[in-house]
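Undergrad: Got a structure here, written out as structure tokens. Questions coming.
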Amino acid sequence: RVLFRSSITRLKKELLAIVKKEVKKRDNYTCQKCGKYVSGVDCQASHVIPVSHGNNLMFDPLNMKVLCMHCHLHWWHKNPLEAHLWFKGKFPERYKYLMKRKNEVVKWKENDYMEMIKDLTLP
């Protein structure tokens, strides 16, 4: 059982890294708040609906946006109401999609994670 859990944990980390890399490409390595080009640790793929809310949107690229470290730590997390309203105004269709899906419950198994990784890494 411990091996199973660690295997799923490894797959989750791998999948999240792949999705975050795709989000950074999609957003052209540009902070969606301040417009600054970012790279390395300054380029952060940040969740809109927090991971702590549940796993159903954790790996959904529509639930992420690129923020520079400053905007992520000193604006997004410190001004949640303002950040929420900003996201709703800047990405209205994504906002509607996320609000509709945020309370869905999904129970993924090890094979589900493996399939998602395969789907995202195939050319």
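Chain labels follow the order of the structure tokens: the first chain is A, the next B, and so on; residue numbering restarts at 1 in every chain, and ligands are counted from 1 in their shown order.
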Please, which residues in stretch 38-61 of chain A fall within 8 Å of stretch 7-22 of chain A when counting only C-alpha atoms, and what is the closest atom pair and distance in Å to one decimal for each, ordered by chain then residue number, as JSON lines?
TA:
```
{"residue": "A:Ala45", "atom": "CA", "partner": "A:Lys20", "partner_atom": "CA", "distance": 5.5}
{"residue": "A:Met58", "atom": "CA", "partner": "A:Leu16", "partner_atom": "CA", "distance": 7.7}
{"residue": "A:Phe59", "atom": "CA", "partner": "A:Leu16", "partner_atom": "CA", "distance": 6.0}
{"residue": "A:Asp60", "atom": "CA", "partner": "A:Val19", "partner_atom": "CA", "distance": 7.5}
{"residue": "A:Pro61", "atom": "CA", "partner": "A:Val19", "partner_atom": "CA", "distance": 6.3}
```
Undergrad: Out of A:Leu73, A:Leu67, A:Ile117, A:Met99, which residue has the shortest atom-to-atom distance to A:Tyr37 when counting only C-alpha atoms?
TA: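 Of the candidates, the smallest distance to A:Tyr37 is held by A:Leu67.
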Undergrad: According to DSSP computed on the backbone, where in chain A is there alpha helix (DSSP H)? Give the residues as an MDAnalysis selection string.
TA: chainID A and resid 2:26 69:71 80:90 92:101 110:121
Undergrad: Using only C-alpha atoms, can you tell me which of A:Lys90, A:His53, A:His74, A:Lys118 comes closest to A:Lys102?
TA: A:His53
Undergrad: Please compute the atom CA of A:Glu104-atom CA of A:Asn56 distance, one decimal, in Å.
TA: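 These atoms are spaced 6.5 Å apart.
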Undergrad: Determine, counting only C-alpha atoms, which protein, DNA and RNA residues have an atom within 12 Å of an atom of A:His72; residues of the same chain fewer than 3 positions away are not included. Present the result as a PyMOL selection string.
TA: chain A and resi 31-34+41-48+64-69+75-80+83
Undergrad: Go through A:Lys100, A:Met114, A:Ser52, A:Lys24 and flag the residue nearest A:Ser39, using only C-alpha atoms for the distances.
TA: A:Lys24
